[in-house]
file structure_22.cif (mmCIF, C-alpha atoms)
data_my_file
#
loop_
_atom_site.group_PDB
_atom_site.id
_atom_site.type_symbol
_atom_site.label_atom_id
_atom_site.label_comp_id
_atom_site.auth_asym_id
_atom_site.auth_seq_id
_atom_site.Cartn_x
_atom_site.Cartn_y
_atom_site.Cartn_z
ATOM 1 C CA MET A 1218 0.000 0.000 0.000
ATOM 2 C CA PRO A 1219 1.425 3.428 -0.913
ATOM 3 C CA ILE A 1220 2.465 5.808 1.844
ATOM 4 C CA ALA A 1221 -0.397 8.255 2.319
ATOM 5 C CA ASP A 1222 1.420 11.112 4.009
ATOM 6 C CA ILE A 1223 3.964 12.400 1.511
ATOM 7 C CA SER A 1224 3.943 15.938 2.894
ATOM 8 C CA GLU A 1225 7.441 15.868 4.368
ATOM 9 C CA LEU A 1226 8.805 13.848 1.466
ATOM 10 C CA ILE A 1227 7.920 16.559 -1.034
ATOM 11 C CA ARG A 1228 8.090 19.693 1.119
ATOM 12 C CA ASN A 1229 11.653 20.368 -0.015
ATOM 13 C CA ALA A 1230 11.362 18.697 -3.415
ATOM 14 C CA PRO A 1231 11.834 20.788 -6.562
ATOM 15 C CA ARG A 1232 8.930 23.082 -7.484
ATOM 16 C CA ASN A 1233 7.263 23.973 -10.782
ATOM 17 C CA CYS A 1234 7.990 20.559 -12.174
ATOM 18 C CA TRP A 1235 6.748 16.989 -12.344
ATOM 19 C CA LEU A 1236 7.802 14.718 -9.515
ATOM 20 C CA ALA A 1237 8.108 10.981 -9.969
ATOM 21 C CA PHE A 1238 7.675 8.586 -7.036
ATOM 22 C CA ASN A 1239 8.321 4.908 -6.629
ATOM 23 C CA ASP A 1240 5.215 2.750 -6.324
ATOM 24 C CA GLU A 1241 5.294 2.875 -2.512
ATOM 25 C CA GLN A 1242 5.457 6.692 -2.645
ATOM 26 C CA SER A 1243 8.345 6.527 -0.215
ATOM 27 C CA GLU A 1244 10.912 8.199 -2.446
ATOM 28 C CA VAL A 1245 11.124 10.869 -5.139
ATOM 29 C CA VAL A 1246 12.953 8.990 -7.875
ATOM 30 C CA GLY A 1247 12.933 11.709 -10.512
ATOM 31 C CA TYR A 1248 11.708 15.090 -11.545
ATOM 32 C CA GLY A 1249 11.607 17.227 -14.641
ATOM 33 C CA ASP A 1250 10.005 20.086 -16.491
ATOM 34 C CA THR A 1251 8.134 17.585 -18.637
ATOM 35 C CA ILE A 1252 6.384 14.303 -17.944
ATOM 36 C CA ALA A 1253 8.885 12.558 -20.205
ATOM 37 C CA ALA A 1254 11.856 13.995 -18.312
ATOM 38 C CA ALA A 1255 10.459 12.932 -14.940
ATOM 39 C CA VAL A 1256 9.647 9.419 -16.166
ATOM 40 C CA ASP A 1257 13.046 9.079 -17.867
ATOM 41 C CA ALA A 1258 14.795 10.088 -14.631
ATOM 42 C CA ALA A 1259 12.781 7.536 -12.665
ATOM 43 C CA GLN A 1260 13.430 4.794 -15.184
ATOM 44 C CA ALA A 1261 17.150 5.545 -15.027
ATOM 45 C CA LYS A 1262 16.857 4.637 -11.338
ATOM 46 C CA GLY A 1263 15.085 1.409 -12.201
ATOM 47 C CA VAL A 1264 11.507 2.515 -11.537
ATOM 48 C CA LYS A 1265 9.652 1.518 -14.689
ATOM 49 C CA GLU A 1266 6.279 3.154 -14.015
ATOM 50 C CA PRO A 1267 6.669 5.959 -11.468
ATOM 51 C CA VAL A 1268 3.707 7.794 -9.996
ATOM 52 C CA LEU A 1269 3.564 11.409 -11.167
ATOM 53 C CA LEU A 1270 2.532 14.548 -9.328
ATOM 54 C CA TRP A 1271 2.852 18.177 -10.373
ATOM 55 C CA SER A 1272 4.810 20.148 -7.761
ATOM 56 C CA PRO A 1273 3.479 23.718 -7.758
ATOM 57 C CA GLU A 1274 5.494 26.839 -7.053
ATOM 58 C CA GLU A 1275 3.707 27.105 -3.708
ATOM 59 C CA TRP A 1276 1.736 24.529 -1.750
ATOM 60 C CA LEU A 1277 -1.367 26.468 -0.732
ATOM 61 C CA PRO A 1278 -4.910 25.577 0.323
ATOM 62 C CA ALA A 1279 -7.010 25.680 -2.819
ATOM 63 C CA VAL A 1280 -10.432 25.723 -4.371
ATOM 64 C CA TYR A 1281 -10.228 24.528 -7.933
ATOM 65 C CA MET B 248 -12.335 0.604 -3.692
ATOM 66 C CA ARG B 249 -11.377 2.349 -0.479
ATOM 67 C CA LYS B 250 -8.336 4.601 -0.327
ATOM 68 C CA ILE B 251 -6.790 6.848 2.279
ATOM 69 C CA TYR B 252 -6.355 10.462 1.179
ATOM 70 C CA THR B 253 -2.836 11.671 0.381
ATOM 71 C CA ALA B 254 -1.254 14.387 2.534
ATOM 72 C CA VAL B 255 0.606 17.144 0.697
ATOM 73 C CA PRO B 256 2.551 19.985 2.334
ATOM 74 C CA LEU B 257 1.372 23.508 2.998
ATOM 75 C CA ASP B 258 4.076 26.169 2.870
ATOM 76 C CA LYS B 259 2.250 28.118 5.564
ATOM 77 C CA PRO B 260 0.192 26.551 8.348
ATOM 78 C CA SER B 261 -3.491 26.169 7.567
ATOM 79 C CA PRO B 262 -5.516 29.018 9.113
ATOM 80 C CA VAL B 263 -8.170 26.444 10.017
ATOM 81 C CA THR B 264 -6.258 23.427 11.314
ATOM 82 C CA GLY B 265 -2.886 25.013 12.033
ATOM 83 C CA GLU B 266 -1.241 22.055 10.308
ATOM 84 C CA ARG B 267 1.430 22.296 7.652
ATOM 85 C CA LYS B 268 -0.196 19.665 5.503
ATOM 86 C CA GLU B 269 -3.549 18.947 3.925
ATOM 87 C CA TRP B 270 -5.211 15.646 3.078
ATOM 88 C CA VAL B 271 -6.346 15.436 -0.547
ATOM 89 C CA PRO B 272 -8.466 12.734 -2.249
ATOM 90 C CA TYR B 273 -6.125 11.607 -5.015
ATOM 91 C CA LEU B 274 -6.599 8.630 -7.314
ATOM 92 C CA ARG B 275 -3.986 7.199 -9.648
ATOM 93 C CA VAL B 276 -5.131 7.612 -13.243
ATOM 94 C CA ARG B 277 -3.654 7.072 -16.698
ATOM 95 C CA PRO B 278 -5.179 9.112 -19.510
ATOM 96 C CA ALA B 279 -5.053 7.615 -22.996
ATOM 97 C CA LYS B 280 -6.019 8.628 -26.505
ATOM 98 C CA GLY B 281 -6.558 5.666 -28.780
ATOM 99 C CA HIS B 282 -3.502 3.451 -28.484
ATOM 100 C CA THR B 283 -1.379 6.112 -26.787
ATOM 101 C CA ILE B 284 -1.456 5.840 -23.026
ATOM 102 C CA LEU B 285 0.404 8.038 -20.566
ATOM 103 C CA ARG B 286 3.692 6.340 -19.719
ATOM 104 C CA SER B 287 2.994 6.444 -15.973
ATOM 105 C CA PRO B 288 0.011 7.000 -13.703
ATOM 106 C CA LEU B 289 -0.510 10.435 -12.199
ATOM 107 C CA LEU B 290 -2.286 11.603 -9.077
ATOM 108 C CA ALA B 291 -5.624 13.227 -9.934
ATOM 109 C CA ILE B 292 -7.838 15.022 -7.434
ATOM 110 C CA VAL B 293 -11.420 13.803 -7.045
ATOM 111 C CA ASP B 294 -13.264 17.119 -7.049
ATOM 112 C CA SER B 295 -17.047 17.206 -6.729
ATOM 113 C CA GLY B 296 -16.861 20.986 -7.154
ATOM 114 C CA SER B 297 -15.567 20.727 -10.700
ATOM 115 C CA TRP B 298 -18.172 20.521 -13.436
ATOM 116 C CA TYR B 299 -15.842 18.584 -15.741
ATOM 117 C CA CYS B 300 -12.723 16.420 -15.780
ATOM 118 C CA LEU B 301 -9.827 18.798 -16.354
ATOM 119 C CA PHE B 302 -6.166 18.238 -17.136
ATOM 120 C CA ARG B 303 -2.998 20.202 -17.711
ATOM 121 C CA SER B 304 -2.272 20.562 -21.410
ATOM 122 C CA ASP B 305 1.116 18.847 -21.179
ATOM 123 C CA ILE B 306 -0.791 15.659 -20.400
ATOM 124 C CA ALA B 307 -2.624 16.079 -23.715
ATOM 125 C CA GLU B 308 0.698 16.332 -25.522
ATOM 126 C CA SER B 309 1.908 13.198 -23.767
ATOM 127 C CA ILE B 310 -0.999 11.150 -25.149
ATOM 128 C CA GLY B 311 -0.693 12.430 -28.687
ATOM 129 C CA ILE B 312 -3.008 15.439 -28.726
ATOM 130 C CA ARG B 313 -0.515 17.811 -30.319
ATOM 131 C CA ASP B 314 -2.773 20.858 -30.534
ATOM 132 C CA ILE B 315 -5.392 21.122 -27.807
ATOM 133 C CA THR B 316 -7.056 24.054 -29.610
ATOM 134 C CA THR B 317 -8.466 21.581 -32.165
ATOM 135 C CA GLY B 318 -10.994 20.552 -29.512
ATOM 136 C CA LYS B 319 -14.282 22.201 -28.623
ATOM 137 C CA SER B 320 -13.567 25.172 -26.430
ATOM 138 C CA GLY B 321 -15.418 26.675 -23.537
ATOM 139 C CA PRO B 322 -14.737 29.299 -20.895
ATOM 140 C CA MET B 323 -14.701 28.252 -17.286
ATOM 141 C CA ARG B 324 -14.966 30.398 -14.197
ATOM 142 C CA GLY B 325 -13.207 29.919 -10.885
ATOM 143 C CA VAL B 326 -14.617 30.808 -7.499
ATOM 144 C CA ARG B 327 -12.836 34.140 -7.381
ATOM 145 C CA LYS B 328 -14.176 37.011 -9.463
ATOM 146 C CA GLY B 329 -12.111 37.475 -12.593
ATOM 147 C CA MET B 330 -10.701 33.932 -12.560
ATOM 148 C CA GLU B 331 -11.641 32.651 -16.003
ATOM 149 C CA ASP B 332 -9.867 30.365 -18.418
ATOM 150 C CA THR B 333 -10.594 28.603 -21.689
ATOM 151 C CA PHE B 334 -10.492 24.820 -21.756
ATOM 152 C CA TYR B 335 -10.345 22.678 -24.892
ATOM 153 C CA PHE B 336 -12.229 19.399 -24.770
ATOM 154 C CA HIS B 337 -11.195 16.071 -26.247
ATOM 155 C CA GLN B 338 -12.577 12.559 -25.952
ATOM 156 C CA ILE B 339 -10.073 10.416 -24.062
ATOM 157 C CA GLN B 340 -9.970 7.209 -22.084
ATOM 158 C CA LEU B 341 -9.106 7.132 -18.429
ATOM 159 C CA TYR B 342 -7.677 4.143 -16.591
ATOM 160 C CA ILE B 343 -8.452 4.576 -12.888
ATOM 161 C CA GLU B 344 -6.307 2.867 -10.244
ATOM 162 C CA SER B 345 -6.051 -0.781 -11.294
ATOM 163 C CA ASP B 346 -9.783 -1.204 -11.468
ATOM 164 C CA TRP B 347 -11.587 0.708 -14.167
ATOM 165 C CA LYS B 348 -11.522 2.269 -17.618
ATOM 166 C CA ILE B 349 -13.951 4.996 -18.702
ATOM 167 C CA ASP B 350 -14.416 7.305 -21.681
ATOM 168 C CA VAL B 351 -14.303 10.961 -20.736
ATOM 169 C CA MET B 352 -14.735 14.264 -22.537
ATOM 170 C CA ALA B 353 -11.812 15.995 -20.837
ATOM 171 C CA GLY B 354 -10.904 19.670 -20.801
ATOM 172 C CA PHE B 355 -7.295 20.769 -21.203
ATOM 173 C CA SER B 356 -5.587 24.038 -20.352
ATOM 174 C CA PRO B 357 -1.973 25.098 -19.849
ATOM 175 C CA ASN B 358 -3.057 27.199 -16.877
ATOM 176 C CA LEU B 359 -4.414 24.511 -14.576
ATOM 177 C CA SER B 360 -2.491 24.628 -11.284
ATOM 178 C CA VAL B 361 -2.923 20.909 -10.563
ATOM 179 C CA PRO B 362 -2.319 17.931 -12.860
ATOM 180 C CA ALA B 363 -5.893 16.742 -13.067
ATOM 181 C CA LEU B 364 -9.351 17.099 -11.569
ATOM 182 C CA LEU B 365 -11.943 14.341 -11.759
ATOM 183 C CA GLY B 366 -15.213 16.238 -11.911
ATOM 184 C CA ARG B 367 -18.937 15.614 -11.969
ATOM 185 C CA ASN B 368 -19.440 15.258 -15.725
ATOM 186 C CA GLY B 369 -17.311 12.338 -16.819
ATOM 187 C CA PHE B 370 -16.292 10.887 -13.464
ATOM 188 C CA PHE B 371 -19.068 11.241 -10.899
ATOM 189 C CA ASP B 372 -21.630 10.004 -13.418
ATOM 190 C CA HIS B 373 -19.722 6.696 -13.556
ATOM 191 C CA PHE B 374 -19.036 6.205 -9.854
ATOM 192 C CA LEU B 375 -20.610 6.435 -6.434
ATOM 193 C CA VAL B 376 -18.142 8.416 -4.330
ATOM 194 C CA THR B 377 -18.048 8.822 -0.561
ATOM 195 C CA PHE B 378 -15.695 11.265 1.155
ATOM 196 C CA ASP B 379 -15.346 10.060 4.740
ATOM 197 C CA HIS B 380 -13.818 12.813 6.873
ATOM 198 C CA SER B 381 -14.880 11.138 10.104
ATOM 199 C CA ALA B 382 -11.888 8.859 9.623
ATOM 200 C CA ASP B 383 -8.400 10.052 10.512
ATOM 201 C CA PRO B 384 -6.883 10.310 7.977
ATOM 202 C CA PRO B 385 -9.865 10.808 5.660
ATOM 203 C CA VAL B 386 -10.867 8.058 3.260
ATOM 204 C CA ILE B 387 -12.450 8.037 -0.178
ATOM 205 C CA GLU B 388 -14.651 5.157 -1.262
ATOM 206 C CA VAL B 389 -15.366 4.683 -4.942
ATOM 207 C CA SER B 390 -17.636 2.097 -6.533
ATOM 208 C CA ARG B 391 -18.633 1.740 -10.161
ATOM 209 C CA LEU B 392 -22.263 2.442 -10.936
ATOM 210 C CA GLY B 393 -24.035 -0.417 -12.614
ATOM 211 C CA ARG B 394 -26.063 1.643 -15.030
ATOM 212 C CA PRO B 395 -24.743 2.357 -18.512
ATOM 213 C CA ALA B 396 -22.838 5.655 -18.796
#
call {"tool": "encode", "arguments": {"input": "structure_22.cif", "output": "structure tokens"}}
result
Amino acid sequence: MPIADISELIRNAPRNCWLAFNDEQSEVVGYGDTIAAAVDAAQAKGVKEPVLLWSPEEWLPAVY
Amino acid sequence: MRKIYTAVPLDKPSPVTGERKEWVPYLRVRPAKGHTILRSPLLAIVDSGSWYCLFRSDIAESIGIRDITTGKSGPMRGVRKGMEDTFYFHQIQLYIESDWKIDVMAGFSPNLSVPALLGRNGFFDHFLVTFDHSADPPVIEVSRLGRPA
């Protein structure tokens, strides 16, 4: 089961980019300005299908 | 399917809870267009406040929609006065967690501040969704509706 609380994991992760996690969501295994770059970085670390999340410039409460 | 929300950071403590994180109902989804499927799943927010299913435009490019402006367009308003954006709609397929596949008319914009929103038209008309905030952490329960979409 993936780790649900990833708040501290990504608090200091790069911003304005795609983050790639391993399947357990325990580690940021790549990042990039594009989806392809983030996935390529993850695959270079041996994670074939990372989980992607957009990291915004600021993490703020939001109404979408 | 029952899934615990995902906690993401807040740069400043919440004025309501005082916490420096917020729990968000994310599901893993993989958009696809024809035979082109996104290389990896992404975390999409289940958002009953959104009229439609909405995605960042770079996701469109990643599934072979090279020019989003070829789709039907429509303006969309945010909650704050003056917040308006144009979305371009395309028929796509959506693989949800490891359980389901649905067809969705999805809106794309380069200005969306999150990767994806699963909204009422396209998602909630396929699934019965329960947001359980009495649990700590909160839990989302999703079950496929039996009736034809």
call {"tool": "residues_around", "arguments": {"input": "structure_22.cif", "residues": "region 1243-1251 of chain A", "least_positions_apart": "3", "cutoff": "10 Å", "atoms": "only C-alpha atoms", "output": "compact mmCIF listing (two decimals) with C-alpha atoms, in the coordinates of the input"}}
result
# COMPACT_ATOMS: atom_id res chain seq x y z
CA PRO A 1219 1.42 3.43 -0.91
CA ILE A 1220 2.46 5.81 1.84
CA ALA A 1221 -0.40 8.26 2.32
CA ASP A 1222 1.42 11.11 4.01
CA ILE A 1223 3.96 12.40 1.51
CA LEU A 1226 8.80 13.85 1.47
CA ILE A 1227 7.92 16.56 -1.03
CA ALA A 1230 11.36 18.70 -3.42
CA PRO A 1231 11.83 20.79 -6.56
CA ARG A 1232 8.93 23.08 -7.48
CA ASN A 1233 7.26 23.97 -10.78
CA CYS A 1234 7.99 20.56 -12.17
CA TRP A 1235 6.75 16.99 -12.34
CA LEU A 1236 7.80 14.72 -9.52
CA ALA A 1237 8.11 10.98 -9.97
CA PHE A 1238 7.68 8.59 -7.04
CA ASN A 1239 8.32 4.91 -6.63
CA ASP A 1240 5.22 2.75 -6.32
CA ALA A 1254 11.86 14.00 -18.31
CA ALA A 1255 10.46 12.93 -14.94
CA VAL A 1256 9.65 9.42 -16.17
CA ASP A 1257 13.05 9.08 -17.87
CA ALA A 1258 14.80 10.09 -14.63
CA ALA A 1259 12.78 7.54 -12.66
CA GLN A 1260 13.43 4.79 -15.18
CA ALA A 1261 17.15 5.54 -15.03
CA LYS A 1262 16.86 4.64 -11.34
CA GLY A 1263 15.08 1.41 -12.20
CA VAL A 1264 11.51 2.52 -11.54
CA PRO A 1267 6.67 5.96 -11.47
CA VAL A 1268 3.71 7.79 -10.00
CA LEU A 1269 3.56 11.41 -11.17
CA LEU A 1270 2.53 14.55 -9.33
CA TRP A 1271 2.85 18.18 -10.37
CA SER A 1272 4.81 20.15 -7.76
CA ASP B 305 1.12 18.85 -21.18
CA ILE B 306 -0.79 15.66 -20.40
CA SER B 309 1.91 13.20 -23.77
call {"tool": "closest_atom_pairs", "arguments": {"input": "structure_22.cif", "of": "chain B", "to": "chain A", "cutoff": "9 Å", "atoms": "all atoms listed in the file", "output": "tab-separated table"}}
result
residue	atom	partner	partner_atom	distance
B:Ile251	CA	A:Ala1221	CA	6.5
B:Tyr252	CA	A:Ala1221	CA	6.5
B:Thr253	CA	A:Ala1221	CA	4.6
B:Ala254	CA	A:Asp1222	CA	4.5
B:Val255	CA	A:Ser1224	CA	4.2
B:Pro256	CA	A:Ser1224	CA	4.3
B:Leu257	CA	A:Trp1276	CA	4.9
B:Asp258	CA	A:Trp1276	CA	5.4
B:Lys259	CA	A:Leu1277	CA	7.4
B:Ser261	CA	A:Pro1278	CA	7.4
B:Arg267	CA	A:Ser1224	CA	8.3
B:Lys268	CA	A:Ser1224	CA	6.2
B:Glu269	CA	A:Pro1278	CA	7.7
B:Trp270	CA	A:Asp1222	CA	8.1
B:Arg275	CA	A:Val1268	CA	7.7
B:Arg286	CA	A:Glu1266	CA	7.0
B:Ser287	CA	A:Glu1266	CA	5.0
B:Pro288	CA	A:Val1268	CA	5.3
B:Leu289	CA	A:Leu1269	CA	4.3
B:Leu290	CA	A:Leu1270	CA	5.7
B:Ala291	CA	A:Leu1270	CA	8.3
B:Asp294	CA	A:Tyr1281	CA	8.1
B:Gly296	CA	A:Tyr1281	CA	7.6
B:Ser297	CA	A:Tyr1281	CA	7.1
B:Asp305	CA	A:Thr1251	CA	7.6
B:Ile306	CA	A:Ile1252	CA	7.7
B:Ser309	CA	A:Ile1252	CA	7.4
B:Gly325	CA	A:Tyr1281	CA	6.8
B:Val326	CA	A:Val1280	CA	7.3
B:Leu359	CA	A:Tyr1281	CA	8.8
B:Ser360	CA	A:Pro1273	CA	7.0
B:Val361	CA	A:Trp1271	CA	6.4
B:Pro362	CA	A:Trp1271	CA	5.7
B:Leu364	CA	A:Tyr1281	CA	8.3
B:Pro384	CA	A:Ala1221	CA	8.8
call {"tool": "atom_distance", "arguments": {"input": "structure_22.cif", "atom1": "CA of Glu388 (chain B)", "atom2": "CA of Glu344 (chain B)"}}
result
12.5 Å
call {"tool": "axis_aligned_box", "arguments": {"input": "structure_22.cif", "around": "region 322-335 of chain B", "padding_each_side": "4 Å", "output": "AutoDock Vina command-line options"}}
result
--center_x -12.4 --center_y 30.1 --center_z -16.1 --size_x 13.1 --size_y 22.8 --size_z 25.5
call {"tool": "atom_distance", "arguments": {"input": "structure_22.cif", "atom1": "CA of Pro260 (chain B)", "atom2": "CA of Tyr273 (chain B)"}}
result
21.0 Å
call {"tool": "resolve_selection", "arguments": {"input": "structure_22.cif", "expression": "the PyMOL selection byres ((chain B and resi 354) around 7)", "output": "list in words"}}
result
Cys300, Leu301, Phe302, Phe334, Tyr335, Phe336, His337, Met352, Ala353, Phe355 and Ser356 of chain B
call {"tool": "atom_distance", "arguments": {"input": "structure_22.cif", "atom1": "CA of Leu392 (chain B)", "atom2": "CA of Leu285 (chain B)"}}
result
25.3 Å
call {"tool": "closest_residue", "arguments": {"input": "structure_22.cif", "among": "B:Asp383, B:Gly281, B:Phe370, B:Glu266", "to": "Trp347 (chain B)", "atoms": "all atoms listed in the file"}}
result
B:Phe370
call {"tool": "residues_around", "arguments": {"input": "structure_22.cif", "residues": "Gly311 (chain B)", "least_positions_apart": "6", "cutoff": "9 Å", "atoms": "only C-alpha atoms", "output": "VMD selection string"}}
result
chain B and resid 279 to 281 283 to 284
call {"tool": "closest_residue", "arguments": {"input": "structure_22.cif", "among": "B:Asp314, B:Asp379, B:Asp350, B:Asp372", "to": "Arg277 (chain B)", "atoms": "all atoms listed in the file"}}
result
B:Asp350
call {"tool": "resolve_selection", "arguments": {"input": "structure_22.cif", "expression": "the PyMOL selection byres ((chain B and resi 349) around 10)", "output": "ChimeraX atom specification"}}
result
/B:278,339-343,347-348,350-351,369-370,373,396
call {"tool": "decode", "arguments": {"input": "structure_22.cif", "residues": "region 252-335 of chain B", "atoms": "C-alpha atoms", "output": "PDB file, in the first residue's frame"}}
result
ATOM      1  CA  TYR B 252      -6.355  10.462   1.179  1.00  0.00           C
ATOM      2  CA  THR B 253      -2.836  11.671   0.381  1.00  0.00           C
ATOM      3  CA  ALA B 254      -1.254  14.387   2.534  1.00  0.00           C
ATOM      4  CA  VAL B 255       0.606  17.144   0.697  1.00  0.00           C
ATOM      5  CA  PRO B 256       2.551  19.985   2.334  1.00  0.00           C
ATOM      6  CA  LEU B 257       1.372  23.508   2.998  1.00  0.00           C
ATOM      7  CA  ASP B 258       4.076  26.169   2.870  1.00  0.00           C
ATOM      8  CA  LYS B 259       2.250  28.118   5.564  1.00  0.00           C
ATOM      9  CA  PRO B 260       0.192  26.551   8.348  1.00  0.00           C
ATOM     10  CA  SER B 261      -3.491  26.169   7.567  1.00  0.00           C
ATOM     11  CA  PRO B 262      -5.516  29.018   9.113  1.00  0.00           C
ATOM     12  CA  VAL B 263      -8.170  26.444  10.017  1.00  0.00           C
ATOM     13  CA  THR B 264      -6.258  23.427  11.314  1.00  0.00           C
ATOM     14  CA  GLY B 265      -2.886  25.013  12.033  1.00  0.00           C
ATOM     15  CA  GLU B 266      -1.241  22.055  10.308  1.00  0.00           C
ATOM     16  CA  ARG B 267       1.430  22.296   7.652  1.00  0.00           C
ATOM     17  CA  LYS B 268      -0.196  19.665   5.503  1.00  0.00           C
ATOM     18  CA  GLU B 269      -3.549  18.947   3.925  1.00  0.00           C
ATOM     19  CA  TRP B 270      -5.211  15.646   3.078  1.00  0.00           C
ATOM     20  CA  VAL B 271      -6.346  15.436  -0.547  1.00  0.00           C
ATOM     21  CA  PRO B 272      -8.466  12.734  -2.249  1.00  0.00           C
ATOM     22  CA  TYR B 273      -6.125  11.607  -5.015  1.00  0.00           C
ATOM     23  CA  LEU B 274      -6.599   8.630  -7.314  1.00  0.00           C
ATOM     24  CA  ARG B 275      -3.986   7.199  -9.648  1.00  0.00           C
ATOM     25  CA  VAL B 276      -5.131   7.612 -13.243  1.00  0.00           C
ATOM     26  CA  ARG B 277      -3.654   7.072 -16.698  1.00  0.00           C
ATOM     27  CA  PRO B 278      -5.179   9.112 -19.510  1.00  0.00           C
ATOM     28  CA  ALA B 279      -5.053   7.615 -22.996  1.00  0.00           C
ATOM     29  CA  LYS B 280      -6.019   8.628 -26.505  1.00  0.00           C
ATOM     30  CA  GLY B 281      -6.558   5.666 -28.780  1.00  0.00           C
ATOM     31  CA  HIS B 282      -3.502   3.451 -28.484  1.00  0.00           C
ATOM     32  CA  THR B 283      -1.379   6.112 -26.787  1.00  0.00           C
ATOM     33  CA  ILE B 284      -1.456   5.840 -23.026  1.00  0.00           C
ATOM     34  CA  LEU B 285       0.404   8.038 -20.566  1.00  0.00           C
ATOM     35  CA  ARG B 286       3.692   6.340 -19.719  1.00  0.00           C
ATOM     36  CA  SER B 287       2.994   6.444 -15.973  1.00  0.00           C
ATOM     37  CA  PRO B 288       0.011   7.000 -13.703  1.00  0.00           C
ATOM     38  CA  LEU B 289      -0.510  10.435 -12.199  1.00  0.00           C
ATOM     39  CA  LEU B 290      -2.286  11.603  -9.077  1.00  0.00           C
ATOM     40  CA  ALA B 291      -5.624  13.227  -9.934  1.00  0.00           C
ATOM     41  CA  ILE B 292      -7.838  15.022  -7.434  1.00  0.00           C
ATOM     42  CA  VAL B 293     -11.420  13.803  -7.045  1.00  0.00           C
ATOM     43  CA  ASP B 294     -13.264  17.119  -7.049  1.00  0.00           C
ATOM     44  CA  SER B 295     -17.047  17.206  -6.729  1.00  0.00           C
ATOM     45  CA  GLY B 296     -16.861  20.986  -7.154  1.00  0.00           C
ATOM     46  CA  SER B 297     -15.567  20.727 -10.700  1.00  0.00           C
ATOM     47  CA  TRP B 298     -18.172  20.521 -13.436  1.00  0.00           C
ATOM     48  CA  TYR B 299     -15.842  18.584 -15.741  1.00  0.00           C
ATOM     49  CA  CYS B 300     -12.723  16.420 -15.780  1.00  0.00           C
ATOM     50  CA  LEU B 301      -9.827  18.798 -16.354  1.00  0.00           C
ATOM     51  CA  PHE B 302      -6.166  18.238 -17.136  1.00  0.00           C
ATOM     52  CA  ARG B 303      -2.998  20.202 -17.711  1.00  0.00           C
ATOM     53  CA  SER B 304      -2.272  20.562 -21.410  1.00  0.00           C
ATOM     54  CA  ASP B 305       1.116  18.847 -21.179  1.00  0.00           C
ATOM     55  CA  ILE B 306      -0.791  15.659 -20.400  1.00  0.00           C
ATOM     56  CA  ALA B 307      -2.624  16.079 -23.715  1.00  0.00           C
ATOM     57  CA  GLU B 308       0.698  16.332 -25.522  1.00  0.00           C
ATOM     58  CA  SER B 309       1.908  13.198 -23.767  1.00  0.00           C
ATOM     59  CA  ILE B 310      -0.999  11.150 -25.149  1.00  0.00           C
ATOM     60  CA  GLY B 311      -0.693  12.430 -28.687  1.00  0.00           C
ATOM     61  CA  ILE B 312      -3.008  15.439 -28.726  1.00  0.00           C
ATOM     62  CA  ARG B 313      -0.515  17.811 -30.319  1.00  0.00           C
ATOM     63  CA  ASP B 314      -2.773  20.858 -30.534  1.00  0.00           C
ATOM     64  CA  ILE B 315      -5.392  21.122 -27.807  1.00  0.00           C
ATOM     65  CA  THR B 316      -7.056  24.054 -29.610  1.00  0.00           C
ATOM     66  CA  THR B 317      -8.466  21.581 -32.165  1.00  0.00           C
ATOM     67  CA  GLY B 318     -10.994  20.552 -29.512  1.00  0.00           C
ATOM     68  CA  LYS B 319     -14.282  22.201 -28.623  1.00  0.00           C
ATOM     69  CA  SER B 320     -13.567  25.172 -26.430  1.00  0.00           C
ATOM     70  CA  GLY B 321     -15.418  26.675 -23.537  1.00  0.00           C
ATOM     71  CA  PRO B 322     -14.737  29.299 -20.895  1.00  0.00           C
ATOM     72  CA  MET B 323     -14.701  28.252 -17.286  1.00  0.00           C
ATOM     73  CA  ARG B 324     -14.966  30.398 -14.197  1.00  0.00           C
ATOM     74  CA  GLY B 325     -13.207  29.919 -10.885  1.00  0.00           C
ATOM     75  CA  VAL B 326     -14.617  30.808  -7.499  1.00  0.00           C
ATOM     76  CA  ARG B 327     -12.836  34.140  -7.381  1.00  0.00           C
ATOM     77  CA  LYS B 328     -14.176  37.011  -9.463  1.00  0.00           C
ATOM     78  CA  GLY B 329     -12.111  37.475 -12.593  1.00  0.00           C
ATOM     79  CA  MET B 330     -10.701  33.932 -12.560  1.00  0.00           C
ATOM     80  CA  GLU B 331     -11.641  32.651 -16.003  1.00  0.00           C
ATOM     81  CA  ASP B 332      -9.867  30.365 -18.418  1.00  0.00           C
ATOM     82  CA  THR B 333     -10.594  28.603 -21.689  1.00  0.00           C
ATOM     83  CA  PHE B 334     -10.492  24.820 -21.756  1.00  0.00           C
ATOM     84  CA  TYR B 335     -10.345  22.678 -24.892  1.00  0.00           C
TER      85      TYR B 335
END
